[in-house]
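Heads up, run14.txt below (compact mmCIF, C-alpha atoms):
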```
# COMPACT_ATOMS: atom_id res chain seq x y z
CA MET A 1 57.24 90.04 60.07
CA LYS A 2 57.16 93.66 59.04
CA ARG A 3 59.70 96.06 57.60
CA ILE A 4 60.73 99.05 59.73
CA ALA A 5 62.05 102.39 58.54
CA SER A 6 65.67 101.34 58.75
CA GLY A 7 65.03 98.64 56.20
CA ALA A 8 65.70 95.81 58.65
CA LEU A 9 63.21 93.05 59.37
CA CYS A 10 61.93 92.34 62.86
CA ALA A 11 59.10 90.65 64.63
CA SER A 12 56.64 93.28 65.86
CA LEU A 13 57.02 92.07 69.44
CA PHE A 14 60.72 93.03 69.44
CA CYS A 15 60.57 96.29 67.52
CA LEU A 16 61.32 98.41 70.56
CA SER A 17 62.75 101.91 70.37
CA PRO A 18 65.17 103.27 71.25
CA ILE A 19 67.60 100.33 70.96
CA ALA A 20 70.18 100.26 73.78
CA SER A 21 73.65 101.25 72.59
CA ALA A 22 76.48 98.75 72.85
CA ALA A 23 78.72 98.97 75.90
CA THR A 24 82.11 100.65 75.59
CA ASP A 25 84.97 98.15 75.64
CA LEU A 26 87.76 99.74 77.69
CA VAL A 27 91.08 98.00 76.94
CA ILE A 28 93.52 98.09 79.86
CA ALA A 29 97.15 96.98 79.51
CA THR A 30 98.68 95.92 82.80
CA VAL A 31 101.52 93.95 84.37
CA ASN A 32 100.92 90.50 85.87
CA ASN A 33 101.65 91.49 89.47
CA GLY A 34 99.44 90.49 92.40
CA HIS A 35 97.79 93.87 92.95
CA MET A 36 96.90 94.14 89.26
CA ILE A 37 95.38 90.66 89.30
CA GLU A 38 93.28 91.79 92.28
CA MET A 39 92.23 94.89 90.35
CA GLN A 40 90.88 92.66 87.58
CA LYS A 41 88.86 90.64 90.09
CA LEU A 42 87.39 93.79 91.59
CA GLY A 43 86.68 95.30 88.19
CA LYS A 44 83.18 93.83 88.44
CA PHE A 45 82.32 96.54 90.98
CA PHE A 46 83.31 99.23 88.48
CA GLU A 47 81.24 97.56 85.77
CA GLN A 48 78.24 97.31 88.07
CA ALA A 49 78.46 101.05 88.79
CA ASN A 50 79.09 101.79 85.11
CA PRO A 51 77.00 99.31 83.08
CA ASP A 52 77.86 101.13 79.86
CA ILE A 53 81.55 100.23 80.24
CA LYS A 54 83.07 96.75 79.90
CA LEU A 55 86.68 96.19 81.00
CA LYS A 56 88.96 94.23 78.68
CA TRP A 57 92.31 93.21 80.17
CA VAL A 58 95.64 92.65 78.45
CA THR A 59 97.89 91.22 81.17
CA LEU A 60 101.55 90.71 80.33
CA GLU A 61 104.94 90.07 81.93
CA GLU A 62 106.74 93.34 82.71
CA GLY A 63 109.28 93.32 79.87
CA VAL A 64 106.73 92.31 77.22
CA LEU A 65 104.25 94.88 78.50
CA ARG A 66 106.81 97.67 78.13
CA GLN A 67 107.64 96.67 74.57
CA ARG A 68 103.99 96.45 73.51
CA MET A 69 103.01 99.76 75.12
CA THR A 70 106.06 101.66 73.86
CA THR A 71 105.43 100.52 70.30
CA ASP A 72 101.72 101.30 70.48
CA ILE A 73 102.04 104.77 71.99
CA ALA A 74 104.91 105.83 69.71
CA THR A 75 102.93 104.82 66.61
CA LYS A 76 99.59 106.05 68.02
CA GLY A 77 98.27 102.54 67.43
CA GLY A 78 95.31 102.99 69.75
CA GLN A 79 95.27 99.39 70.99
CA PHE A 80 94.94 100.45 74.63
CA ASP A 81 92.72 102.93 76.46
CA VAL A 82 94.58 102.68 79.77
CA MET A 83 98.26 101.80 80.17
CA THR A 84 100.16 100.70 83.25
CA ILE A 85 103.37 102.73 83.27
CA GLY A 86 105.86 104.03 85.81
CA MET A 87 107.96 106.99 86.83
CA TYR A 88 110.37 106.46 83.96
CA GLU A 89 107.90 106.65 81.10
CA THR A 90 105.52 109.27 82.51
CA PRO A 91 107.57 112.49 82.19
CA ILE A 92 109.16 111.38 78.90
CA TRP A 93 105.84 110.48 77.27
CA ALA A 94 104.12 113.56 78.68
CA LYS A 95 106.83 115.76 77.16
CA LYS A 96 106.19 114.12 73.78
CA ASP A 97 102.42 114.81 74.13
CA TRP A 98 101.68 111.07 74.10
CA LEU A 99 99.58 111.15 77.29
CA LEU A 100 96.42 112.94 78.37
CA PRO A 101 96.60 114.77 81.72
CA ILE A 102 94.83 113.00 84.57
CA LYS A 103 91.63 114.78 85.56
CA PRO A 104 90.78 113.82 89.15
CA ASP A 105 87.09 113.91 90.01
CA ALA A 106 85.64 115.77 93.01
CA ASN A 107 86.22 112.89 95.44
CA TYR A 108 89.73 111.95 94.32
CA ASP A 109 91.75 114.11 96.77
CA VAL A 110 94.92 114.57 94.75
CA ASN A 111 96.62 116.25 97.73
CA ASP A 112 96.44 112.95 99.59
CA LEU A 113 99.01 111.45 97.19
CA LEU A 114 102.51 111.04 98.67
CA PRO A 115 104.60 114.02 97.48
CA SER A 116 107.54 112.00 96.11
CA ILE A 117 105.18 109.73 94.16
CA ARG A 118 103.07 112.59 92.81
CA GLU A 119 106.16 114.54 91.77
CA GLY A 120 107.55 111.57 89.88
CA LEU A 121 104.34 111.20 87.86
CA SER A 122 104.00 114.86 86.93
CA TYR A 123 105.31 116.99 84.10
CA LYS A 124 105.31 120.78 84.35
CA GLY A 125 103.12 120.56 87.42
CA LYS A 126 100.43 118.39 85.84
CA LEU A 127 99.69 114.79 86.83
CA TYR A 128 100.00 112.52 83.78
CA ALA A 129 99.65 109.14 85.51
CA ALA A 130 97.72 108.18 88.65
CA PRO A 131 99.60 105.91 91.07
CA PHE A 132 98.05 102.49 91.61
CA TYR A 133 100.75 101.39 94.00
CA GLY A 134 104.10 102.81 94.92
CA GLU A 135 107.18 101.03 96.08
CA SER A 136 110.75 101.28 97.17
CA SER A 137 113.08 98.36 97.87
CA MET A 138 114.07 96.88 101.21
CA ILE A 139 115.43 93.76 102.87
CA MET A 140 112.94 91.00 103.63
CA TYR A 141 114.37 88.09 105.56
CA ARG A 142 113.63 84.95 107.53
CA SER A 143 114.03 86.06 111.13
CA ASP A 144 114.01 82.45 112.35
CA LEU A 145 116.96 81.45 110.17
CA VAL A 146 118.96 84.57 110.98
CA LYS A 147 118.39 84.15 114.71
CA LYS A 148 119.28 80.44 114.57
CA ALA A 149 122.56 81.37 112.88
CA GLY A 150 123.35 83.77 115.72
CA MET A 151 123.20 86.76 113.35
CA SER A 152 121.11 89.91 113.03
CA ILE A 153 120.12 92.33 110.29
CA GLU A 154 119.62 95.95 111.28
CA ASP A 155 118.56 98.87 109.08
CA ARG A 156 121.17 99.82 106.48
CA PRO A 157 123.59 96.89 106.97
CA THR A 158 126.62 96.78 104.72
CA TRP A 159 126.63 94.53 101.67
CA ALA A 160 129.55 92.73 103.31
CA HIS A 161 127.35 91.95 106.33
CA ILE A 162 124.55 90.70 104.06
CA ARG A 163 127.07 88.31 102.50
CA GLU A 164 128.05 87.01 105.93
CA VAL A 165 124.45 86.35 106.89
CA ALA A 166 123.63 84.75 103.53
CA ALA A 167 126.61 82.42 103.92
CA LYS A 168 125.49 81.38 107.41
CA ILE A 169 121.90 80.58 106.50
CA HIS A 170 122.56 79.04 103.05
CA ASP A 171 121.36 75.44 103.29
CA PRO A 172 120.65 74.10 99.78
CA ALA A 173 120.54 70.50 101.03
CA ASN A 174 117.35 71.44 102.86
CA GLY A 175 116.01 73.67 100.08
CA VAL A 176 116.96 77.02 101.64
CA TYR A 177 119.11 79.52 99.75
CA GLY A 178 120.96 82.30 101.49
CA ILE A 179 119.79 85.11 99.23
CA CYS A 180 117.40 85.65 96.34
CA LEU A 181 117.91 88.56 93.95
CA ARG A 182 116.55 89.36 90.50
CA GLY A 183 118.68 87.85 87.74
CA LYS A 184 116.39 88.21 84.74
CA PRO A 185 117.77 90.81 82.32
CA GLY A 186 115.93 94.11 81.98
CA TRP A 187 116.26 97.72 83.06
CA GLY A 188 113.33 97.18 85.43
CA ASP A 189 114.51 93.73 86.49
CA ASN A 190 118.12 92.93 87.38
CA MET A 191 119.29 96.47 86.61
CA ALA A 192 116.86 98.04 89.09
CA LEU A 193 118.64 96.28 91.93
CA ILE A 194 122.16 96.49 90.49
CA THR A 195 121.87 100.25 89.91
CA THR A 196 120.89 100.83 93.54
CA MET A 197 123.88 98.70 94.55
CA ALA A 198 126.15 100.83 92.36
CA ASN A 199 124.63 103.99 93.87
CA SER A 200 125.42 102.72 97.36
CA TYR A 201 129.01 102.01 96.33
CA GLY A 202 129.28 105.69 95.32
CA GLY A 203 128.54 105.23 91.63
CA GLN A 204 126.22 106.81 89.08
CA LEU A 205 124.86 106.07 85.61
CA PHE A 206 126.22 109.27 84.03
CA ASP A 207 128.45 112.08 85.21
CA MET A 208 127.61 115.75 84.76
CA LYS A 209 128.85 115.63 81.16
CA TRP A 210 126.49 112.70 80.45
CA GLN A 211 129.45 110.33 80.13
CA PRO A 212 128.44 106.73 81.08
CA GLN A 213 130.17 105.47 84.23
CA PHE A 214 129.80 101.68 83.95
CA THR A 215 133.56 101.00 83.98
CA SER A 216 134.08 102.98 87.20
CA LYS A 217 135.21 101.30 90.42
CA PRO A 218 131.80 101.62 92.17
CA TRP A 219 130.12 99.72 89.34
CA LYS A 220 132.79 97.02 89.33
CA ASP A 221 132.49 96.61 93.11
CA ALA A 222 128.69 96.45 92.95
CA VAL A 223 128.45 93.94 90.11
CA THR A 224 131.23 91.79 91.58
CA THR A 225 129.26 91.65 94.85
CA TYR A 226 126.02 90.85 93.01
CA VAL A 227 127.52 87.99 90.99
CA ASP A 228 129.33 86.61 94.04
CA LEU A 229 126.16 86.56 96.15
CA LEU A 230 124.01 84.73 93.61
CA LYS A 231 126.68 82.31 92.45
CA ASN A 232 127.54 81.23 95.98
CA PHE A 233 124.31 81.64 97.93
CA GLY A 234 121.48 82.02 95.39
CA PRO A 235 118.98 79.46 94.10
CA PRO A 236 119.58 77.53 90.87
CA GLY A 237 118.31 79.33 87.80
CA SER A 238 118.70 82.82 89.29
CA SER A 239 119.38 84.24 85.82
CA SER A 240 115.71 83.63 84.96
CA ASN A 241 114.20 84.99 88.16
CA SER A 242 112.16 88.18 88.27
CA PHE A 243 109.79 89.40 90.99
CA ASN A 244 107.10 86.74 90.61
CA GLU A 245 109.52 83.81 90.47
CA ILE A 246 111.29 84.92 93.66
CA LEU A 247 107.97 85.65 95.36
CA ALA A 248 106.98 82.02 94.76
CA LEU A 249 110.32 80.79 96.12
CA TYR A 250 110.06 82.98 99.20
CA ASN A 251 106.52 81.92 99.97
CA GLU A 252 107.69 78.30 99.84
CA GLY A 253 110.33 79.10 102.46
CA LYS A 254 113.27 78.77 100.07
CA CYS A 255 114.80 82.25 100.41
CA GLY A 256 116.68 83.37 103.51
CA ILE A 257 117.11 86.99 102.36
CA TRP A 258 115.30 88.81 99.60
CA ILE A 259 116.06 92.41 98.58
CA ASP A 260 113.33 93.67 96.30
CA ALA A 261 110.20 95.78 95.99
CA THR A 262 108.49 96.74 99.24
CA ILE A 263 105.19 95.70 97.67
CA ALA A 264 106.23 92.07 98.18
CA ALA A 265 105.74 92.48 101.92
CA SER A 266 101.96 92.22 101.72
CA PHE A 267 102.22 88.88 99.93
CA ILE A 268 104.94 87.20 102.00
CA THR A 269 103.18 88.11 105.27
CA ASP A 270 99.86 86.69 104.08
CA PRO A 271 99.37 83.22 105.62
CA LYS A 272 97.07 82.29 102.73
CA GLN A 273 99.98 82.71 100.33
CA SER A 274 103.12 82.24 102.39
CA LYS A 275 104.32 79.23 104.39
CA VAL A 276 106.66 81.53 106.34
CA ALA A 277 104.29 84.47 106.90
CA ASP A 278 104.99 84.54 110.65
CA LYS A 279 108.77 84.38 110.20
CA VAL A 280 109.32 87.49 108.07
CA ALA A 281 111.23 90.57 109.20
CA PHE A 282 112.26 93.77 107.42
CA ALA A 283 115.18 96.17 107.27
CA GLN A 284 116.23 99.13 105.13
CA SER A 285 118.35 98.34 102.07
CA PRO A 286 122.09 97.60 102.33
CA VAL A 287 124.77 100.21 101.77
CA ALA A 288 128.47 100.27 100.98
CA VAL A 289 129.80 103.83 101.20
CA THR A 290 126.57 105.88 101.10
CA GLU A 291 122.83 105.62 101.74
CA ARG A 292 122.08 107.74 98.67
CA GLY A 293 120.18 105.79 96.05
CA ALA A 294 120.50 102.55 98.02
CA ASN A 295 116.80 101.82 97.55
CA TRP A 296 114.75 102.53 94.49
CA LEU A 297 111.54 104.53 94.05
CA TRP A 298 108.82 103.45 91.67
CA ALA A 299 105.09 103.64 91.14
CA TRP A 300 103.05 101.44 88.85
CA SER A 301 100.48 103.88 87.59
CA LEU A 302 97.57 104.20 85.20
CA ALA A 303 97.84 106.57 82.27
CA ILE A 304 95.70 107.41 79.26
CA PRO A 305 97.36 107.59 75.83
CA VAL A 306 96.18 110.35 73.48
CA SER A 307 95.27 107.56 71.05
CA SER A 308 92.64 106.16 73.47
CA LYS A 309 89.34 105.68 71.68
CA HIS A 310 87.38 106.11 74.93
CA ALA A 311 89.19 108.84 76.88
CA ASP A 312 86.22 109.81 79.08
CA ALA A 313 85.56 106.22 80.14
CA ALA A 314 89.31 105.78 80.72
CA GLN A 315 89.39 108.82 83.02
CA LYS A 316 86.47 107.41 84.97
CA PHE A 317 88.23 104.06 85.42
CA VAL A 318 91.57 105.62 86.41
CA ASN A 319 89.86 107.76 89.05
CA TRP A 320 88.10 104.68 90.45
CA ALA A 321 91.13 102.34 90.52
CA THR A 322 93.49 104.83 92.18
CA SER A 323 91.08 106.35 94.68
CA LYS A 324 90.83 106.13 98.47
CA ASP A 325 87.55 104.29 97.98
CA TYR A 326 89.28 101.59 95.92
CA ILE A 327 91.78 101.00 98.73
CA LYS A 328 88.84 100.62 101.14
CA LEU A 329 87.20 98.19 98.70
CA VAL A 330 90.29 95.98 98.65
CA ALA A 331 90.38 96.06 102.45
CA LYS A 332 86.74 95.03 102.59
CA GLU A 333 87.03 92.25 100.02
CA THR A 334 90.40 90.89 101.21
CA SER A 335 92.07 92.64 104.16
CA TRP A 336 93.91 95.82 105.08
CA ALA A 337 97.17 93.87 104.83
CA ASN A 338 96.54 93.35 101.11
CA VAL A 339 95.69 96.88 99.98
CA PRO A 340 97.88 98.56 97.32
CA THR A 341 100.24 100.81 99.24
CA GLY A 342 102.83 103.50 98.64
CA THR A 343 100.48 106.05 97.10
CA ARG A 344 98.41 107.85 99.74
CA LYS A 345 99.05 109.50 103.08
CA SER A 346 95.64 108.34 104.28
CA THR A 347 96.60 104.67 103.94
CA TYR A 348 99.47 105.06 106.41
CA ALA A 349 97.23 107.08 108.72
CA THR A 350 94.65 104.29 108.90
CA PRO A 351 94.85 102.38 112.23
CA GLU A 352 93.44 99.19 110.65
CA PHE A 353 96.22 99.20 108.05
CA ASN A 354 99.00 99.72 110.58
CA LYS A 355 97.59 96.97 112.77
CA ALA A 356 97.22 94.47 109.94
CA ALA A 357 100.41 95.25 108.03
CA LYS A 358 103.50 94.62 110.13
CA PHE A 359 105.57 95.90 107.21
CA ALA A 360 103.88 99.33 107.18
CA ALA A 361 106.60 101.25 109.05
CA ALA A 362 109.49 99.71 107.09
CA GLU A 363 107.75 100.25 103.76
CA GLY A 364 106.81 103.84 104.58
CA LYS A 365 110.38 104.62 105.67
CA ALA A 366 111.85 103.15 102.48
CA ILE A 367 109.50 105.10 100.20
CA ALA A 368 110.15 108.32 102.13
CA THR A 369 113.91 107.99 101.62
CA GLY A 370 113.63 107.70 97.82
CA ARG A 371 115.13 110.85 96.35
CA PRO A 372 114.96 110.92 92.53
CA ASN A 373 116.75 114.28 92.46
CA GLN A 374 119.51 113.25 94.89
CA SER A 375 120.14 109.61 94.17
CA THR A 376 123.93 109.55 93.85
CA LEU A 377 126.92 110.59 95.95
CA PRO A 378 128.56 112.60 93.13
CA PRO A 379 126.34 115.16 91.34
CA SER A 380 124.35 113.65 88.46
CA PRO A 381 122.50 115.39 85.61
CA TYR A 382 119.51 113.03 85.59
CA VAL A 383 116.36 112.43 87.63
CA GLY A 384 115.72 108.89 88.87
CA VAL A 385 117.14 106.46 91.40
CA GLN A 386 117.36 103.15 89.53
CA PHE A 387 116.98 104.77 86.11
CA ALA A 388 117.70 108.01 84.29
CA ALA A 389 114.56 109.69 82.95
CA ILE A 390 115.88 110.13 79.40
CA PRO A 391 114.61 108.30 76.30
CA GLU A 392 117.98 106.65 75.67
CA PHE A 393 118.03 104.92 79.05
CA GLN A 394 115.60 102.17 78.12
CA SER A 395 117.84 100.66 75.43
CA ILE A 396 120.93 101.23 77.57
CA GLY A 397 119.27 99.51 80.53
CA VAL A 398 118.16 96.55 78.42
CA ALA A 399 121.66 96.09 77.00
CA ALA A 400 123.19 96.42 80.48
CA GLY A 401 120.79 93.86 81.92
CA GLN A 402 121.77 91.31 79.29
CA GLN A 403 125.45 91.81 80.01
CA MET A 404 124.92 91.43 83.77
CA THR A 405 123.04 88.17 83.23
CA SER A 406 125.85 86.90 81.00
CA ALA A 407 128.31 87.68 83.81
CA LEU A 408 126.07 85.89 86.31
CA LEU A 409 125.99 82.82 84.05
CA GLY A 410 129.79 82.90 83.78
CA LYS A 411 129.74 83.44 80.02
CA ILE A 412 131.82 86.60 80.41
CA THR A 413 133.70 88.29 83.25
CA VAL A 414 132.37 91.22 85.24
CA ASP A 415 134.94 93.47 83.55
CA GLN A 416 133.83 92.31 80.10
CA ALA A 417 130.17 92.89 81.00
CA LEU A 418 130.86 96.42 82.19
CA GLU A 419 133.06 97.28 79.23
CA ALA A 420 130.38 96.08 76.78
CA THR A 421 127.76 98.07 78.68
CA GLN A 422 129.96 101.17 78.60
CA GLN A 423 130.38 100.89 74.83
CA ALA A 424 126.65 100.38 74.24
CA ALA A 425 125.81 103.36 76.46
CA ASP A 426 128.40 105.54 74.76
CA ARG A 427 126.91 104.76 71.34
CA GLU A 428 123.40 105.63 72.50
CA MET A 429 124.46 108.88 74.15
CA ARG A 430 126.42 109.99 71.08
CA LYS A 431 123.49 109.11 68.86
CA GLY A 432 121.24 111.13 71.19
CA GLY A 433 123.49 114.17 70.81
CA TYR A 434 124.58 114.41 74.45
CA TYR A 435 128.22 114.74 73.32
CA LYS A 436 130.35 114.07 70.24
```

Any chance you could put this one into C-alpha cells?
Amino acid sequence: MKRIASGALCASLFCLSPIASAATDLVIATVNNGHMIEMQKLGKFFEQANPDIKLKWVTLEEGVLRQRMTTDIATKGGQFDVMTIGMYETPIWAKKDWLLPIKPDANYDVNDLLPSIREGLSYKGKLYAAPFYGESSMIMYRSDLVKKAGMSIEDRPTWAHIREVAAKIHDPANGVYGICLRGKPGWGDNMALITTMANSYGGQLFDMKWQPQFTSKPWKDAVTTYVDLLKNFGPPGSSSNSFNEILALYNEGKCGIWIDATIAASFITDPKQSKVADKVAFAQSPVAVTERGANWLWAWSLAIPVSSKHADAAQKFVNWATSKDYIKLVAKETSWANVPTGTRKSTYATPEFNKAAKFAAAEGKAIATGRPNQSTLPPSPYVGVQFAAIPEFQSIGVAAGQQMTSALLGKITVDQALEATQQAADREMRKGGYYK
C-alpha cells in the first residue's frame, strides 16, 4: 500500500487518475398513470444515452403528488428536479417565479405542439412546462351493450339520454354497471367531471365579480344528475373511485359507460389490457343546455422548479421525454396505439397512429374543442375549463370535492353540499381580496 497526495490509501494497481465523477441523480416526481409508468420503463434509453445521469422516480397517486409538490416548491425544498404538473399550476407557479422556463433543444420542434396545449402551459409567451400527454374528456362506452339494449349514443347526447342508456344497460346481477364516473374527492378527481357538467348546464365557478356560483340552479341540476347516476347505475364503492380504479373496472367489462379522460382510450382498446377492447366506442361529452365547457382540457407536463439541484440535466430529460422521438420510441417498443397523445400535431398526422388508434379522431376532436378562455355560457373572469387558474381554487376545489362525495354517500343532501361549498369558496375569495 502507498499513500497518495490526497492522503488516502490505495493499492498501486488501483491508483488511477482521473477518478470518474459520480453520476447525477435526477429526481422526478410523477403521477401513477399508465403513460408515466411506461416512461419509467423507457428511462433506460435516456440513461444509456446519458451515462452521467441516473433517473430516480417518486411515483405517487394524483392527490398526494400535488400536495408533496406544492409544499416542496413553495418552500424551495429542492426534493425534486423534475415535477409532473398541469395547466392549473403552470401559469400560477411561473408568475411566482417558482419554475424555470423550458429551453427546447434544436430537435424539439416547439411549433409542433398543439396550440391550445402550448398556450395553457405558457406564461407571458414563454413555455414553463413541456406537455407529456394532453387530454380532454369524452364518452367511452360498450357498443355491444348499447346495441343490445336497442339504444345509441351519438356525439353530444344530453345528460338525460345518458341516464336512459345507463338504466337500460345496468345489469349488476351479471357484474355490469350502467355508468362509471369519478367519485373520489379532489379538484382534479370528482370535481373535474362535475365542473364540466355544471358548465354544460349553463353554470360557472365564479361570476364576473368573482362571486362563487355553487348555489346556482345549473350547479344544483348538475350535481343532482351526478348523484342520481352513480347511486342508481354506478358500481359499489364509487365514492373511492378515481381514474385508475375505473380503468380497472372498465377493462374487466364492468362499466357500460365511462365519461373521463380521453387518454383512457389507448388502454381500454388494448387487447393486452382490456377484455372488451373490441367492444369500445366513443362519443363527444354530454351536454344539457350548452356545449361550452362540456369537456375538460388538461395536459400532464414536465416542469423544472427553480430549486432543482441539477437544472441542466433536468432540461435534457424534459426535452427527451416530451419529444417527437420519444413518441416514436414508445411506438417502437409497444405500439402506435399506446403512444402518449394530445400534445403534437405530428402524432395525429402519422398514418400508423391513425390506423392503430381507433380513438384518434374522437380524442383529437375533444381536445380541439377545449376552450380555456371560453368555457362557460355566461362571461367568466377566469381561465380554465374544469378549474379556475387562481391560487385560491385548489383549496376551494378540494373542499368542494369532499362535499360532493358526502352527497354521493348520502351523508348530506345536494343542497347542503352546495351551500357548504359556497361558504368555503366565499371565505377563500374574501381572504384572497377578490371582494369584501

Nearest residue to Asp81 of chain A from the set A:Lys54, A:Lys358, A:Arg66, A:Lys365 (distances using all atoms listed in the file) |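 Closest candidate: A:Lys54.
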
Top pick for closest residue to Asp312 of chain A, considering A:Arg68, A:Lys272, A:Lys103, A:Arg156 and counting all atoms listed in the file |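 Residue with the minimum atom-to-atom distance to Asp312 of chain A: A:Lys103.
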
Shell around Ile169 of chain A at 7 Å using only C-alpha atoms, local window under 3 positions removed, as a ChimeraX atom specification = /A:145-146,149,165-166,178,256

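Distances here use all atoms listed in the file; by that measure, the residue among A:Ala222, A:Ala360, A:Ala281, A:Thr322 closest to Trp300 of chain A is A:Thr322.
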
So that each row is one residue of segment 120-220 of chain A with an atom at most 10 Å from segment 385-388 of chain A, can you give its shortest atom pair and the distance in Å to one decimal, using only C-alpha atoms, rows by chain and rising number, as CSV?
```
residue,atom,partner,partner_atom,distance
A:Trp187,CA,A:Phe387,CA,7.7
A:Gly188,CA,A:Gln386,CA,8.3
A:Met191,CA,A:Gln386,CA,7.5
A:Ala192,CA,A:Gln386,CA,5.2
A:Leu193,CA,A:Gln386,CA,7.4
A:Ile194,CA,A:Gln386,CA,8.3
A:Thr195,CA,A:Gln386,CA,5.4
A:Thr196,CA,A:Gln386,CA,5.8
A:Met197,CA,A:Gln386,CA,9.4
A:Ala198,CA,A:Gln386,CA,9.5
A:Asn199,CA,A:Val385,CA,8.3
A:Gln204,CA,A:Val385,CA,9.4
A:Leu205,CA,A:Ala388,CA,7.5
A:Phe206,CA,A:Ala388,CA,8.6
```

Which residue out of A:Cys180, A:Ala130, A:Asp228, A:Asp221 has the minimum interatomic distance to Tyr108 of chain A when all atoms listed in the file are used?
->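 That would be A:Ala130, the residue with the smallest distance to Tyr108 of chain A.
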
Please provide as a PyMOL selection string all residues within 7 Å of Val27 of chain A, with the sequence filter that same-chain residues fewer than 5 positions apart are discarded (counting all atoms listed in the file).
-> chain A and resi 55-57+80-82

For the selection you just gave me, I'd like the residues written to a file as a PDB file, keeping the file's coordinate frame, keeping C-alpha atoms.
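Everything below was put into selection02.pdb:
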```pdb
ATOM      1  CA  LEU A  55      86.680  96.190  81.000  1.00  0.00           C
ATOM      2  CA  LYS A  56      88.960  94.230  78.680  1.00  0.00           C
ATOM      3  CA  TRP A  57      92.310  93.210  80.170  1.00  0.00           C
ATOM      4  CA  PHE A  80      94.940 100.450  74.630  1.00  0.00           C
ATOM      5  CA  ASP A  81      92.720 102.930  76.460  1.00  0.00           C
ATOM      6  CA  VAL A  82      94.580 102.680  79.770  1.00  0.00           C
TER       7      VAL A  82
END
```

Which polymer residues, protein or nucleic acid, are no farther than 10 Å from (134.5, 100.4, 86.7), counting all atoms listed in the file, as a PyMOL selection string?
-> chain A and resi 203+213-223+414-415+418-419+422

Those same residues, written as a PDB file, in the coordinates of the input with C-alpha atoms?
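The result, written out as selection11.pdb:
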```pdb
ATOM      1  CA  GLY A 203     128.540 105.230  91.630  1.00  0.00           C
ATOM      2  CA  GLN A 213     130.170 105.470  84.230  1.00  0.00           C
ATOM      3  CA  PHE A 214     129.800 101.680  83.950  1.00  0.00           C
ATOM      4  CA  THR A 215     133.560 101.000  83.980  1.00  0.00           C
ATOM      5  CA  SER A 216     134.080 102.980  87.200  1.00  0.00           C
ATOM      6  CA  LYS A 217     135.210 101.300  90.420  1.00  0.00           C
ATOM      7  CA  PRO A 218     131.800 101.620  92.170  1.00  0.00           C
ATOM      8  CA  TRP A 219     130.120  99.720  89.340  1.00  0.00           C
ATOM      9  CA  LYS A 220     132.790  97.020  89.330  1.00  0.00           C
ATOM     10  CA  ASP A 221     132.490  96.610  93.110  1.00  0.00           C
ATOM     11  CA  ALA A 222     128.690  96.450  92.950  1.00  0.00           C
ATOM     12  CA  VAL A 223     128.450  93.940  90.110  1.00  0.00           C
ATOM     13  CA  VAL A 414     132.370  91.220  85.240  1.00  0.00           C
ATOM     14  CA  ASP A 415     134.940  93.470  83.550  1.00  0.00           C
ATOM     15  CA  LEU A 418     130.860  96.420  82.190  1.00  0.00           C
ATOM     16  CA  GLU A 419     133.060  97.280  79.230  1.00  0.00           C
ATOM     17  CA  GLN A 422     129.960 101.170  78.600  1.00  0.00           C
TER      18      GLN A 422
END
```

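Within 7 Å of segment 240-254 of chain A, once only C-alpha atoms are used and residues closer than 6 positions along the same chain are dropped, the contacting residues are Gly175, Val176, Tyr177, Cys180, Arg182, Gly183, Lys184, Asp189, Ile268, Gln273, Ser274, Lys275 and Val276 of chain A.
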
Return the single residue from A:Val339, A:Ile73, A:Val287, A:Leu114 that is closest to Asp155 of chain A, with distances computed using all atoms listed in the file.
-> A:Val287

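Minimum atom-to-atom distances from A:Ala362, A:Ile396, A:Met404, A:Val318 to Glu135 of chain A were compared using all atoms listed in the file, and the lowest value belongs to A:Ala362.
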
Within 8 Å of Val306 of chain A, counting only C-alpha atoms, which residues show up once you throw out same-chain ones fewer than 2 positions away? Write them as a VMD selection string, please.
-> chain A and resid 76 97 to 100 304 308 311

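Between atom CA of Arg292 of chain A and atom CA of Leu65 of chain A the separation is 29.8 Å.
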
Distance query segment 329-338 of chain A at most 6 Å, all atoms listed in the file, self and fewer than 2 positions along chain excluded, as a list of chain:residue names |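 Result of the neighbour search: A:Ser266, A:Tyr326, A:Ile327, A:Phe353, A:Ala356, A:Ala357.
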
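Picture a line from atom CA of Trp258 of chain A to atom CA of Asp278 of chain A; it runs 15.7 Å.
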
Go ahead and compute the interatomic distance for atom CA of Ala389 of chain A and atom CA of Ile92 of chain A, in Å to one decimal.
-> 7.0 Å

Report, as AutoDock Vina command-line options, the centre and edge lengths in Å (one decimal) of the axis-aligned box enclosing every listed atom of segment 283-292 of chain A, padded by 6 Å on each side.
```
--center_x 122.5 --center_y 102.0 --center_z 103.0 --size_x 26.6 --size_y 23.6 --size_z 20.6
```
